[in-house]
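What's in entry-v2.tsv: TSV, C-alpha atoms
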chain	number	residue	atom	x	y	z
A	19	MET	CA	128.32	78.77	154.41
A	20	THR	CA	127.48	76.45	151.51
A	21	GLY	CA	123.98	77.94	151.38
A	22	THR	CA	125.33	81.40	150.60
A	23	ALA	CA	128.12	80.18	148.32
A	24	LEU	CA	125.88	78.35	145.83
A	25	PRO	CA	124.51	81.38	143.89
A	26	GLU	CA	127.99	82.89	143.73
A	27	VAL	CA	129.48	79.69	142.32
A	28	LEU	CA	126.63	79.27	139.83
A	29	ALA	CA	126.70	82.90	138.66
A	30	GLY	CA	130.50	82.84	138.50
A	31	ALA	CA	130.52	79.70	136.34
A	32	LEU	CA	127.94	81.20	133.96
A	33	ILE	CA	129.91	84.46	133.66
A	34	VAL	CA	133.09	82.52	132.85
A	35	LEU	CA	131.20	80.45	130.25
A	36	GLY	CA	129.68	83.60	128.70
A	37	GLY	CA	133.03	85.37	128.63
A	38	ALA	CA	134.64	82.34	126.98
A	39	PHE	CA	132.00	82.29	124.21
A	40	ALA	CA	132.33	86.05	123.62
A	41	LEU	CA	136.11	85.59	123.37
A	42	VAL	CA	135.77	82.67	120.90
A	43	GLY	CA	133.35	84.72	118.77
A	44	SER	CA	135.79	87.63	118.65
A	45	TRP	CA	138.69	85.29	117.84
A	46	GLY	CA	136.58	83.93	114.96
A	47	LEU	CA	136.21	87.52	113.72
A	48	VAL	CA	140.01	87.78	113.58
A	49	ARG	CA	141.00	84.44	112.06
A	50	LEU	CA	138.25	83.41	109.59
A	51	PRO	CA	139.14	84.02	105.93
A	52	SER	CA	136.56	86.48	104.57
A	53	LEU	CA	133.57	88.65	105.48
A	54	MET	CA	130.82	86.04	105.15
A	55	GLU	CA	132.69	83.53	107.34
A	56	ARG	CA	133.52	86.26	109.86
A	57	LEU	CA	129.82	87.07	110.13
A	58	HIS	CA	129.26	83.67	111.80
A	59	GLY	CA	131.48	84.39	114.81
A	60	PRO	CA	129.99	87.55	116.33
A	61	THR	CA	126.33	86.84	115.39
A	62	LYS	CA	126.20	83.45	117.10
A	63	ALA	CA	128.92	82.59	119.59
A	64	THR	CA	128.50	86.05	121.08
A	65	THR	CA	124.71	85.55	121.32
A	66	LEU	CA	125.15	82.53	123.58
A	67	GLY	CA	127.93	84.32	125.47
A	68	LEU	CA	125.66	87.24	126.29
A	69	GLY	CA	122.80	84.81	127.04
A	70	ALA	CA	124.92	82.99	129.63
A	71	MET	CA	125.85	86.30	131.28
A	72	LEU	CA	122.18	87.34	131.45
A	73	VAL	CA	121.24	84.00	133.04
A	74	ALA	CA	124.05	84.60	135.53
A	75	SER	CA	122.46	87.95	136.40
A	76	VAL	CA	119.05	86.33	136.94
A	77	VAL	CA	120.59	83.57	139.10
A	78	TRP	CA	122.53	86.07	141.18
A	79	PHE	CA	119.57	88.35	141.95
A	80	GLN	CA	117.07	85.49	142.34
A	81	LEU	CA	119.05	83.08	144.51
A	82	GLY	CA	121.61	85.42	146.01
A	83	ARG	CA	119.42	88.37	146.99
A	84	GLY	CA	115.91	86.95	146.65
A	85	GLU	CA	114.90	89.80	144.31
A	86	TRP	CA	112.56	89.17	141.41
A	87	THR	CA	114.16	90.28	138.14
A	88	THR	CA	112.94	89.73	134.59
A	89	HIS	CA	114.64	92.50	132.59
A	90	GLU	CA	117.23	90.00	131.35
A	91	LEU	CA	114.55	88.00	129.54
A	92	LEU	CA	113.59	91.09	127.55
A	93	VAL	CA	117.23	91.85	126.73
A	94	SER	CA	117.74	88.35	125.31
A	95	ALA	CA	114.40	88.45	123.44
A	96	PHE	CA	115.34	91.71	121.69
A	97	LEU	CA	118.82	90.37	121.03
A	98	PHE	CA	117.35	87.30	119.30
A	99	LEU	CA	115.06	89.56	117.25
A	100	THR	CA	117.75	92.01	116.12
A	101	ALA	CA	120.84	89.81	115.58
A	102	PRO	CA	119.52	88.14	112.37
A	103	VAL	CA	118.45	91.52	110.96
A	104	SER	CA	121.88	93.14	111.28
A	105	ALA	CA	123.60	89.99	109.93
A	106	ASN	CA	121.17	90.02	107.00
A	107	MET	CA	121.90	93.70	106.24
A	108	ILE	CA	125.69	93.14	106.29
A	109	ALA	CA	125.28	90.13	103.98
A	110	LYS	CA	123.17	92.18	101.52
A	111	VAL	CA	125.74	94.99	101.40
A	112	HIS	CA	128.44	92.35	100.81
A	113	LEU	CA	126.44	90.90	97.89
A	114	HIS	CA	126.16	94.35	96.30
A	115	ARG	CA	129.87	95.05	96.70
A	116	LEU	CA	130.72	91.65	95.19
A	117	ARG	CA	128.58	92.31	92.13
A	118	ALA	CA	129.90	95.85	91.75
A	119	GLY	CA	133.46	94.41	91.92
A	120	GLU	CA	134.62	97.06	94.36
A	121	ALA	CA	138.32	97.18	95.15
A	122	GLY	CA	139.44	95.26	98.21
A	123	GLU	CA	136.38	92.98	98.28
A	124	GLY	CA	137.41	89.40	97.61
A	125	PRO	CA	134.60	86.88	97.27
A	126	GLY	CA	136.19	84.58	99.88
A	127	PRO	CA	136.52	80.79	99.73
A	128	ALA	CA	132.81	80.23	99.00
A	129	GLY	CA	132.97	82.47	95.92
A	130	ALA	CA	130.09	84.65	94.81
A	131	PRO	CA	126.62	83.08	95.09
A	132	ASP	CA	124.97	81.73	91.95
A	133	ALA	CA	121.68	83.21	90.79
A	134	PRO	CA	118.64	81.31	92.07
A	135	PRO	CA	117.71	78.34	89.83
A	136	GLY	CA	115.02	79.14	87.29
A	137	GLY	CA	113.33	82.28	88.55
A	138	PRO	CA	114.41	85.93	88.72
A	139	ASP	CA	117.47	87.27	90.58
A	140	TRP	CA	117.96	87.65	94.35
A	141	ALA	CA	115.65	90.25	95.87
A	142	THR	CA	118.42	92.62	96.92
A	143	PHE	CA	119.33	93.24	93.23
A	144	GLU	CA	115.74	93.95	92.30
A	145	ALA	CA	114.62	97.48	91.40
A	146	PRO	CA	112.40	98.94	94.13
A	147	HIS	CA	108.70	98.29	93.64
A	148	GLU	CA	105.51	98.08	95.66
A	149	GLY	CA	104.72	94.98	97.69
A	150	THR	CA	106.71	91.98	98.91
A	151	PRO	CA	109.15	89.90	96.81
A	152	GLY	CA	107.30	87.94	94.16
A	153	ASP	CA	104.36	90.32	94.25
A	154	PHE	CA	104.65	92.19	91.01
A	155	GLU	CA	101.08	93.37	90.93
A	156	GLY	CA	100.69	97.10	91.39
A	157	ASP	CA	104.12	97.91	89.94
B	17	MET	CA	84.17	91.40	120.52
B	18	ASN	CA	86.26	91.52	117.36
B	19	ARG	CA	86.34	95.30	117.33
B	20	LEU	CA	87.26	95.54	121.00
B	21	LEU	CA	89.94	92.82	120.86
B	22	PRO	CA	91.08	92.52	117.23
B	23	HIS	CA	94.33	90.67	117.98
B	24	PRO	CA	94.20	88.67	121.27
B	25	GLY	CA	97.70	87.24	120.80
B	26	LEU	CA	99.29	90.69	120.45
B	27	ALA	CA	97.27	91.95	123.44
B	28	ALA	CA	98.50	89.08	125.65
B	29	LEU	CA	102.09	89.61	124.45
B	30	LEU	CA	101.92	93.33	125.25
B	31	VAL	CA	100.62	92.67	128.78
B	32	VAL	CA	103.35	90.08	129.46
B	33	MET	CA	106.09	92.34	128.01
B	34	TRP	CA	104.87	95.27	130.09
B	35	MET	CA	104.91	93.17	133.29
B	36	VAL	CA	108.42	91.92	132.48
B	37	MET	CA	109.60	95.45	131.77
B	38	VAL	CA	108.29	97.11	134.95
B	39	ASN	CA	109.82	94.18	136.87
B	40	ASP	CA	107.17	94.33	139.57
B	41	ILE	CA	103.92	92.42	140.16
B	42	SER	CA	101.33	94.87	141.46
B	43	PHE	CA	97.77	95.78	140.60
B	44	GLY	CA	98.79	99.20	139.24
B	45	SER	CA	101.30	97.91	136.72
B	46	LEU	CA	98.99	95.07	135.68
B	47	PHE	CA	96.20	97.60	135.07
B	48	LEU	CA	98.45	99.82	132.96
B	49	GLY	CA	99.63	96.73	131.03
B	50	LEU	CA	96.03	95.74	130.35
B	51	VAL	CA	95.27	99.25	129.09
B	52	PHE	CA	98.20	99.04	126.66
B	53	GLY	CA	97.18	95.52	125.63
B	54	LEU	CA	93.70	96.76	124.79
B	55	VAL	CA	94.53	100.09	123.17
B	56	VAL	CA	97.63	99.35	121.06
B	57	PRO	CA	96.06	96.52	118.93
B	58	ILE	CA	92.99	98.70	118.23
B	59	PHE	CA	95.09	101.63	116.99
B	60	THR	CA	97.51	99.51	114.96
B	61	ALA	CA	94.84	97.25	113.41
B	62	ALA	CA	95.18	98.99	110.04
B	63	TRP	CA	98.82	97.92	109.64
B	64	TRP	CA	98.40	94.16	109.71
B	65	PRO	CA	95.75	93.18	107.18
B	66	GLY	CA	95.55	89.48	106.34
B	67	ARG	CA	97.75	88.32	109.20
B	68	PRO	CA	98.33	84.56	109.27
B	69	GLN	CA	96.80	82.31	111.90
B	70	VAL	CA	99.46	80.93	114.23
B	71	ARG	CA	99.00	77.64	116.09
B	72	PHE	CA	100.08	78.24	119.66
B	73	ARG	CA	101.23	74.82	120.86
B	74	PRO	CA	103.54	73.92	117.93
B	75	ALA	CA	104.93	77.49	118.13
B	76	VAL	CA	106.00	76.99	121.77
B	77	ALA	CA	107.54	73.58	120.91
B	78	TYR	CA	109.37	75.23	117.99
B	79	LEU	CA	110.75	77.98	120.26
B	80	ALA	CA	112.08	75.36	122.70
B	81	LEU	CA	113.68	73.39	119.84
B	82	VAL	CA	115.37	76.51	118.43
B	83	LEU	CA	116.69	77.60	121.84
B	84	TRP	CA	118.15	74.12	122.38
B	85	ASP	CA	119.70	74.14	118.88
B	86	ILE	CA	121.27	77.55	119.50
B	87	VAL	CA	123.04	76.19	122.59
B	88	VAL	CA	124.18	72.91	121.01
B	89	ALA	CA	125.29	74.38	117.69
B	90	ASN	CA	127.18	77.21	119.42
B	91	PHE	CA	129.56	74.59	120.80
B	92	GLN	CA	130.03	73.22	117.27
B	93	VAL	CA	130.87	76.66	115.85
B	94	ALA	CA	133.21	77.35	118.78
B	95	ALA	CA	134.98	74.05	117.99
B	96	ILE	CA	135.28	75.03	114.30
B	97	ILE	CA	136.69	78.47	115.17
B	98	LEU	CA	139.19	77.07	117.68
B	99	PHE	CA	140.37	73.85	116.05
B	100	LYS	CA	139.70	73.84	112.30
B	101	PRO	CA	142.39	75.49	110.15
B	102	ASN	CA	141.17	77.72	107.31
B	103	ARG	CA	142.39	75.30	104.62
B	104	ASP	CA	140.02	72.57	105.95
B	105	LEU	CA	137.05	74.94	106.10
B	106	ARG	CA	134.41	74.39	103.37
B	107	PRO	CA	132.15	77.49	103.34
B	108	ALA	CA	129.36	77.37	100.78
B	109	TRP	CA	126.38	79.32	99.45
B	110	LEU	CA	123.14	77.34	99.62
B	111	ALA	CA	120.01	78.14	97.61
B	112	VAL	CA	117.32	76.63	99.84
B	113	PRO	CA	114.07	76.03	97.91
B	114	LEU	CA	111.13	77.36	99.96
B	115	ASP	CA	107.84	75.53	100.47
B	116	LEU	CA	106.62	78.28	102.82
B	117	ILE	CA	104.50	80.95	101.15
B	118	THR	CA	103.56	83.69	103.63
B	119	PRO	CA	106.17	86.44	104.26
B	120	GLU	CA	105.79	85.95	108.04
B	121	ALA	CA	106.70	82.26	107.85
B	122	ILE	CA	109.67	82.94	105.54
B	123	THR	CA	110.88	85.67	107.93
B	124	VAL	CA	110.77	83.29	110.92
B	125	PHE	CA	112.55	80.61	108.86
B	126	ALA	CA	115.30	83.04	107.80
B	127	GLY	CA	115.70	84.32	111.38
B	128	THR	CA	115.98	80.75	112.68
B	129	ILE	CA	118.66	79.94	110.11
B	130	SER	CA	120.63	83.04	111.12
B	131	LEU	CA	120.39	82.27	114.86
B	132	THR	CA	121.34	78.60	114.65
B	133	PRO	CA	125.12	78.75	114.30
B	134	GLY	CA	126.89	77.67	111.14
B	135	THR	CA	124.40	79.30	108.79
B	136	VAL	CA	123.42	82.91	107.98
B	137	SER	CA	120.51	83.71	105.69
B	138	ALA	CA	121.59	86.42	103.28
B	139	ASP	CA	118.72	87.02	100.86
B	140	VAL	CA	115.49	85.75	99.37
B	141	SER	CA	114.98	85.40	95.61
B	142	ALA	CA	112.76	87.99	93.95
B	143	CYS	CA	110.19	85.29	93.15
B	144	GLY	CA	110.09	84.29	96.85
B	145	LYS	CA	110.89	80.65	96.09
B	146	PHE	CA	114.52	80.44	97.24
B	147	LEU	CA	116.44	81.52	100.32
B	148	LEU	CA	120.14	82.38	99.94
B	149	VAL	CA	122.06	80.95	102.92
B	150	HIS	CA	125.78	81.07	103.70
B	151	ALA	CA	127.11	78.03	105.58
B	152	LEU	CA	130.35	78.28	107.56
B	153	HIS	CA	131.29	74.63	107.05
B	154	ALA	CA	129.21	72.54	104.62
B	155	PRO	CA	131.22	69.77	102.91
B	156	ASP	CA	127.89	68.44	101.56
B	157	PRO	CA	125.60	71.38	100.62
B	158	ALA	CA	122.68	69.14	99.59
B	159	ALA	CA	122.64	67.43	103.00
B	160	GLU	CA	122.74	70.82	104.76
B	161	ILE	CA	119.74	72.04	102.72
B	162	ALA	CA	117.80	68.84	103.51
B	163	LYS	CA	118.63	69.25	107.20
B	164	VAL	CA	117.25	72.80	107.62
B	165	LYS	CA	114.20	71.95	105.52
B	166	ALA	CA	113.35	68.85	107.57
B	167	ARG	CA	114.19	70.32	110.97
B	168	TYR	CA	112.72	73.86	110.73
B	169	GLU	CA	110.64	74.36	107.60
B	170	ALA	CA	108.48	71.26	108.11
B	171	ARG	CA	107.65	72.42	111.66
B	172	LEU	CA	106.93	75.99	110.50
B	173	LYS	CA	104.45	74.63	107.96
B	174	GLY	CA	102.52	73.19	110.92
B	175	ILE	CA	102.57	76.53	112.76
B	176	PHE	CA	101.53	78.82	109.87
B	177	GLN	CA	98.87	76.77	108.12
Do you think you could lay out the structure here as C-alpha coordinates?
Amino acid sequence: MTGTALPEVLAGALIVLGGAFALVGSWGLVRLPSLMERLHGPTKATTLGLGAMLVASVVWFQLGRGEWTTHELLVSAFLFLTAPVSANMIAKVHLHRLRAGEAGEGPGPAGAPDAPPGGPDWATFEAPHEGTPGDFEGD
Amino acid sequence: MNRLLPHPGLAALLVVMWMVMVNDISFGSLFLGLVFGLVVPIFTAAWWPGRPQVRFRPAVAYLALVLWDIVVANFQVAAIILFKPNRDLRPAWLAVPLDLITPEAITVFAGTISLTPGTVSADVSACGKFLLVHALHAPDPAAEIAKVKARYEARLKGIFQ
(Lines of atoms letter the chains of each structure in order from A and count residues from 1; the text may use other names and numbers.)
(Lines give C-alpha, C1' and ligand atoms only; values in the text may rest on other atoms or scores of the structure.)
Protein backbone atom coordinates (compact mmCIF):
# COMPACT_ATOMS: atom_id res chain seq x y z
CA MET A 1 0.00 0.00 0.00
CA THR A 2 2.79 2.43 0.93
CA GLY A 3 4.49 1.68 -2.40
CA THR A 4 1.52 3.00 -4.36
CA ALA A 5 0.78 5.88 -1.99
CA LEU A 6 4.20 7.56 -2.26
CA PRO A 7 3.80 9.22 -5.71
CA GLU A 8 0.31 10.41 -4.77
CA VAL A 9 1.55 11.99 -1.54
CA LEU A 10 4.55 13.58 -3.28
CA ALA A 11 2.52 14.93 -6.22
CA GLY A 12 -0.22 16.11 -3.86
CA ALA A 13 2.26 18.01 -1.67
CA LEU A 14 3.82 19.68 -4.73
CA ILE A 15 0.41 20.69 -6.10
CA VAL A 16 -0.55 22.23 -2.74
CA LEU A 17 2.79 24.09 -2.62
CA GLY A 18 2.34 25.34 -6.20
CA GLY A 19 -1.23 26.43 -5.54
CA ALA A 20 -0.12 28.28 -2.40
CA PHE A 21 2.54 30.21 -4.33
CA ALA A 22 0.11 31.08 -7.13
CA LEU A 23 -2.35 32.33 -4.49
CA VAL A 24 0.33 34.44 -2.74
CA GLY A 25 1.37 35.95 -6.09
CA SER A 26 -2.22 36.89 -6.88
CA TRP A 27 -2.71 38.32 -3.38
CA GLY A 28 0.41 40.44 -3.98
CA LEU A 29 -1.24 41.74 -7.16
CA VAL A 30 -4.19 42.92 -5.04
CA ARG A 31 -2.46 44.46 -2.03
CA LEU A 32 0.82 46.02 -3.23
CA PRO A 33 0.69 49.82 -3.62
CA SER A 34 1.40 50.56 -7.30
CA LEU A 35 2.04 49.00 -10.71
CA MET A 36 5.79 48.42 -10.40
CA GLU A 37 5.43 46.68 -7.02
CA ARG A 38 2.49 44.64 -8.32
CA LEU A 39 4.66 43.42 -11.18
CA HIS A 40 6.79 41.47 -8.66
CA GLY A 41 3.95 39.22 -7.49
CA PRO A 42 2.71 37.54 -10.67
CA THR A 43 6.09 37.40 -12.48
CA LYS A 44 7.88 35.54 -9.70
CA ALA A 45 5.78 33.83 -7.04
CA THR A 46 3.57 32.48 -9.81
CA THR A 47 6.63 31.19 -11.71
CA LEU A 48 7.63 28.98 -8.79
CA GLY A 49 3.98 28.01 -8.25
CA LEU A 50 3.65 26.78 -11.81
CA GLY A 51 7.10 25.14 -11.57
CA ALA A 52 6.02 23.12 -8.53
CA MET A 53 2.86 21.98 -10.33
CA LEU A 54 4.88 20.88 -13.36
CA VAL A 55 7.28 18.91 -11.14
CA ALA A 56 4.20 17.31 -9.57
CA SER A 57 3.07 16.23 -13.04
CA VAL A 58 6.48 14.69 -13.80
CA VAL A 59 6.53 12.88 -10.43
CA TRP A 60 3.02 11.55 -10.92
CA PHE A 61 3.60 10.14 -14.41
CA GLN A 62 7.14 8.91 -13.68
CA LEU A 63 6.64 7.23 -10.30
CA GLY A 64 2.90 6.63 -10.37
CA ARG A 65 2.45 5.26 -13.88
CA GLY A 66 6.02 4.55 -14.97
CA GLU A 67 5.57 6.69 -18.11
CA TRP A 68 8.42 8.80 -19.43
CA THR A 69 7.35 12.44 -19.72
CA THR A 70 9.47 15.49 -20.50
CA HIS A 71 6.97 18.03 -21.87
CA GLU A 72 6.92 19.78 -18.49
CA LEU A 73 10.61 20.67 -18.80
CA LEU A 74 9.89 22.50 -22.06
CA VAL A 75 6.91 24.32 -20.52
CA SER A 76 9.06 25.63 -17.66
CA ALA A 77 11.94 26.52 -20.02
CA PHE A 78 9.65 28.64 -22.21
CA LEU A 79 8.07 30.15 -19.11
CA PHE A 80 11.49 31.23 -17.85
CA LEU A 81 12.29 32.71 -21.27
CA THR A 82 9.05 34.66 -21.68
CA ALA A 83 8.27 35.90 -18.14
CA PRO A 84 11.08 38.52 -18.05
CA VAL A 85 10.11 39.79 -21.53
CA SER A 86 6.48 40.50 -20.64
CA ALA A 87 7.50 42.09 -17.31
CA ASN A 88 10.01 44.25 -19.19
CA MET A 89 7.36 45.38 -21.71
CA ILE A 90 4.89 46.33 -18.94
CA ALA A 91 7.64 48.27 -17.14
CA LYS A 92 8.53 50.17 -20.34
CA VAL A 93 4.90 51.15 -20.97
CA HIS A 94 4.70 52.29 -17.33
CA LEU A 95 7.80 54.48 -17.80
CA HIS A 96 6.25 56.12 -20.86
CA ARG A 97 2.96 56.79 -19.09
CA LEU A 98 4.83 58.28 -16.10
CA ARG A 99 6.76 60.67 -18.33
CA ALA A 100 3.67 61.60 -20.32
CA GLY A 101 1.88 62.32 -16.99
CA GLU A 102 -1.23 60.45 -18.04
CA ALA A 103 -4.24 60.70 -15.76
CA GLY A 104 -4.64 57.95 -13.19
CA GLU A 105 -0.96 56.93 -13.28
CA GLY A 106 0.67 57.65 -9.94
CA PRO A 107 4.41 57.06 -9.75
CA GLY A 108 4.02 54.85 -6.65
CA PRO A 109 6.18 54.87 -3.51
CA ALA A 110 9.46 54.53 -5.44
CA GLY A 111 8.70 57.66 -7.47
CA ALA A 112 9.76 58.07 -11.09
CA PRO A 113 13.24 56.77 -11.96
CA ASP A 114 16.09 59.26 -12.31
CA ALA A 115 17.88 59.56 -15.63
CA PRO A 116 21.01 57.40 -15.85
CA PRO A 117 24.10 59.12 -14.39
CA GLY A 118 26.23 60.88 -16.99
CA GLY A 119 25.21 59.39 -20.31
CA PRO A 120 22.09 59.72 -22.47
CA ASP A 121 18.53 58.85 -21.40
CA TRP A 122 16.99 55.38 -20.92
CA ALA A 123 16.71 53.45 -24.17
CA THR A 124 12.92 53.33 -24.18
CA PHE A 125 12.77 57.15 -24.58
CA GLU A 126 15.21 57.11 -27.45
CA ALA A 127 14.07 57.88 -31.00
CA PRO A 128 14.13 54.73 -33.15
CA HIS A 129 17.40 54.16 -34.99
CA GLU A 130 19.40 51.33 -36.52
CA GLY A 131 21.41 48.99 -34.33
CA THR A 132 21.51 48.19 -30.62
CA PRO A 133 21.51 50.76 -27.76
CA GLY A 134 24.77 52.68 -27.71
CA ASP A 135 25.44 51.93 -31.36
CA PHE A 136 24.85 55.23 -33.05
CA GLU A 137 26.79 54.40 -36.17
CA GLY A 138 24.64 54.07 -39.26
CA ASP A 139 21.94 56.44 -37.97
CA MET B 1 33.24 21.27 -41.23
CA ASN B 2 32.40 24.87 -40.45
CA ARG B 3 29.98 25.14 -43.35
CA LEU B 4 28.25 21.88 -42.51
CA LEU B 5 27.99 22.59 -38.76
CA PRO B 6 28.23 26.37 -38.29
CA HIS B 7 26.79 26.42 -34.76
CA PRO B 8 27.32 23.12 -32.86
CA GLY B 9 25.73 24.44 -29.66
CA LEU B 10 22.49 25.40 -31.42
CA ALA B 11 22.46 22.06 -33.26
CA ALA B 12 22.79 20.11 -29.99
CA LEU B 13 20.10 22.27 -28.35
CA LEU B 14 17.70 21.66 -31.26
CA VAL B 15 18.21 17.88 -31.08
CA VAL B 16 17.63 17.83 -27.31
CA MET B 17 14.55 20.09 -27.57
CA TRP B 18 13.11 17.93 -30.34
CA MET B 19 13.60 14.75 -28.27
CA VAL B 20 11.98 16.41 -25.24
CA MET B 21 9.08 17.61 -27.37
CA VAL B 22 8.23 14.29 -29.05
CA ASN B 23 8.45 12.70 -25.58
CA ASP B 24 9.65 9.39 -26.99
CA ILE B 25 13.10 7.83 -27.42
CA SER B 26 13.17 6.02 -30.75
CA PHE B 27 15.46 5.93 -33.75
CA GLY B 28 12.91 7.71 -35.97
CA SER B 29 12.47 10.74 -33.74
CA LEU B 30 16.22 10.95 -33.08
CA PHE B 31 16.85 10.91 -36.84
CA LEU B 32 14.32 13.68 -37.46
CA GLY B 33 15.85 15.68 -34.57
CA LEU B 34 19.31 15.30 -36.10
CA VAL B 35 17.99 16.50 -39.46
CA PHE B 36 16.56 19.63 -37.80
CA GLY B 37 19.76 20.13 -35.81
CA LEU B 38 21.78 20.06 -39.02
CA VAL B 39 19.48 22.04 -41.32
CA VAL B 40 18.16 24.86 -39.11
CA PRO B 41 21.62 26.32 -38.14
CA ILE B 42 22.71 26.29 -41.81
CA PHE B 43 19.63 28.21 -42.96
CA THR B 44 19.67 30.70 -40.08
CA ALA B 45 23.44 31.33 -40.16
CA ALA B 46 22.93 34.76 -41.74
CA TRP B 47 21.00 36.07 -38.72
CA TRP B 48 23.64 35.68 -36.04
CA PRO B 49 26.84 37.34 -37.22
CA GLY B 50 29.51 37.88 -34.56
CA ARG B 51 27.88 35.66 -31.95
CA PRO B 52 29.79 35.53 -28.65
CA GLN B 53 31.68 32.46 -27.50
CA VAL B 54 29.99 30.87 -24.50
CA ARG B 55 31.93 28.77 -21.98
CA PHE B 56 29.86 25.67 -21.33
CA ARG B 57 30.85 24.63 -17.81
CA PRO B 58 30.42 28.02 -16.06
CA ALA B 59 27.12 28.41 -17.96
CA VAL B 60 25.73 25.18 -16.46
CA ALA B 61 26.93 26.23 -12.97
CA TYR B 62 25.26 29.63 -13.50
CA LEU B 63 21.97 27.98 -14.51
CA ALA B 64 22.01 25.85 -11.34
CA LEU B 65 22.76 28.92 -9.18
CA VAL B 66 19.91 30.92 -10.76
CA LEU B 67 17.40 28.06 -10.37
CA TRP B 68 18.36 27.74 -6.69
CA ASP B 69 18.07 31.52 -6.20
CA ILE B 70 14.62 31.55 -7.82
CA VAL B 71 13.39 28.98 -5.28
CA VAL B 72 14.99 30.62 -2.22
CA ALA B 73 14.07 34.19 -3.11
CA ASN B 74 10.47 33.21 -3.93
CA PHE B 75 10.00 32.39 -0.26
CA GLN B 76 11.38 35.83 0.65
CA VAL B 77 8.96 37.62 -1.70
CA ALA B 78 6.07 35.48 -0.43
CA ALA B 79 7.01 36.53 3.13
CA ILE B 80 7.10 40.21 2.08
CA ILE B 81 3.68 39.96 0.38
CA LEU B 82 2.08 38.14 3.31
CA PHE B 83 3.62 39.85 6.35
CA LYS B 84 5.05 43.27 5.46
CA PRO B 85 2.56 46.16 5.55
CA ASN B 86 2.77 48.68 2.70
CA ARG B 87 4.04 51.46 5.00
CA ASP B 88 7.17 49.38 5.84
CA LEU B 89 7.86 48.57 2.19
CA ARG B 90 10.83 50.44 0.65
CA PRO B 91 10.59 50.03 -3.15
CA ALA B 92 13.36 51.72 -5.10
CA TRP B 93 14.68 52.30 -8.61
CA LEU B 94 18.28 51.15 -9.04
CA ALA B 95 20.60 52.26 -11.84
CA VAL B 96 22.98 49.31 -12.03
CA PRO B 97 26.25 50.24 -13.79
CA LEU B 98 27.09 47.55 -16.37
CA ASP B 99 30.55 46.06 -16.90
CA LEU B 100 29.15 43.63 -19.49
CA ILE B 101 29.47 44.81 -23.09
CA THR B 102 27.85 42.32 -25.48
CA PRO B 103 24.04 42.59 -25.95
CA GLU B 104 23.69 38.82 -25.32
CA ALA B 105 25.37 39.04 -21.91
CA ILE B 106 23.32 42.11 -20.91
CA THR B 107 20.12 40.30 -21.99
CA VAL B 108 20.95 37.27 -19.83
CA PHE B 109 21.81 39.57 -16.90
CA ALA B 110 18.51 41.47 -17.25
CA GLY B 111 16.54 38.22 -17.54
CA THR B 112 18.24 36.84 -14.42
CA ILE B 113 17.38 39.99 -12.47
CA SER B 114 13.74 39.74 -13.55
CA LEU B 115 13.47 36.03 -12.63
CA THR B 116 15.11 36.29 -9.21
CA PRO B 117 12.31 37.66 -7.05
CA GLY B 118 12.44 41.11 -5.53
CA THR B 119 13.86 42.79 -8.62
CA VAL B 120 12.53 43.51 -12.14
CA SER B 121 14.76 44.96 -14.85
CA ALA B 122 12.86 47.73 -16.60
CA ASP B 123 15.21 49.31 -19.14
CA VAL B 124 18.77 49.78 -20.31
CA SER B 125 20.29 53.23 -20.84
CA ALA B 126 20.74 54.37 -24.43
CA CYS B 127 24.52 54.28 -24.00
CA GLY B 128 24.31 50.64 -22.81
CA LYS B 129 26.17 51.39 -19.58
CA PHE B 130 23.33 51.26 -17.04
CA LEU B 131 20.47 48.88 -16.31
CA LEU B 132 17.28 50.30 -14.76
CA VAL B 133 16.02 47.88 -12.09
CA HIS B 134 12.99 48.15 -9.81
CA ALA B 135 13.43 46.53 -6.39
CA LEU B 136 10.38 45.53 -4.34
CA HIS B 137 12.10 46.07 -0.98
CA ALA B 138 15.54 47.72 -0.94
CA PRO B 139 16.20 49.75 2.24
CA ASP B 140 19.83 50.07 1.07
CA PRO B 141 19.93 50.51 -2.76
CA ALA B 142 23.75 50.58 -2.93
CA ALA B 143 24.00 47.19 -1.19
CA GLU B 144 21.38 45.72 -3.54
CA ILE B 145 23.34 46.94 -6.60
CA ALA B 146 26.58 45.47 -5.19
CA LYS B 147 24.79 42.17 -4.53
CA VAL B 148 23.50 41.60 -8.09
CA LYS B 149 26.82 42.73 -9.57
CA ALA B 150 28.86 40.35 -7.41
CA ARG B 151 26.49 37.41 -7.61
CA TYR B 152 25.43 37.43 -11.30
CA GLU B 153 27.43 39.91 -13.36
CA ALA B 154 30.85 38.65 -12.21
CA ARG B 155 29.86 35.08 -13.17
CA LEU B 156 28.45 36.20 -16.54
CA LYS B 157 31.77 37.89 -17.32
CA GLY B 158 33.37 34.44 -17.01
CA ILE B 159 30.78 32.88 -19.35
CA PHE B 160 30.85 35.50 -22.14
CA GLN B 161 34.53 36.34 -22.40
Within-10 Å shell of (127.0, 73.3, 100.6) in input frame, all atoms listed in the file, as a PyMOL selection string: (chain A and resi 128) or (chain B and resi 106-111+149-161)
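Here CA of Leu30 in chain B stands at a distance of 22.4 Å from CA of Pro102 in chain A.
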Near-range 45-53 of chain B list (9 Å; all atoms listed in the file; drop same-chain fewer than 5 positions) as a list in words: Pro24, Leu26, Ala27, Ala28, Leu29, Leu30, Val31, Val32, Met33, Trp34, Met35, Val38 and Asp40 of chain B
Atom-to-atom span, CA of Ala31 in chain A and CA of Met71 in chain A, Å: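 Those two atoms sit 9.5 Å apart.
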Interface, chain A side, toward chain B (9 Å; all atoms listed in the file) as number ranges by chain: A: 39, 42-43, 45-46, 49-51, 54-59, 61-63, 65-66, 86-89, 91-92, 98-99, 101-103, 105-110, 113, 126-135, 137-144, 150-153
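Between Arg73 in chain B and the residues B:Lys100, B:Ile175, B:Gly25, B:Glu120, the shortest atom-to-atom distance, using all atoms listed in the file, involves B:Ile175.
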Neighbour list for Pro74 in chain B as a list in words, cut-off 9 Å, all atoms listed in the file, skip fewer than 3 positions in-chain: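 Counting all atoms listed in the file, the residues come to Val70, Arg71, Ala77, Tyr78, Leu79, Arg171, Leu172, Gly174 and Ile175 of chain B.
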Residue with smallest distance to Pro60 in chain A - pool A:Phe79, A:Pro25, A:Ser104, A:Leu32, counting only C-alpha atoms: A:Ser104
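Our summary of the geometry notes that CA of Gly69 in chain A is positioned 12.6 Å from CA of Trp84 in chain B.
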From B:Val164, B:Val76, B:Ala61, B:Val55, residue lying nearest Phe125 in chain B [all atoms listed in the file]: B:Val164
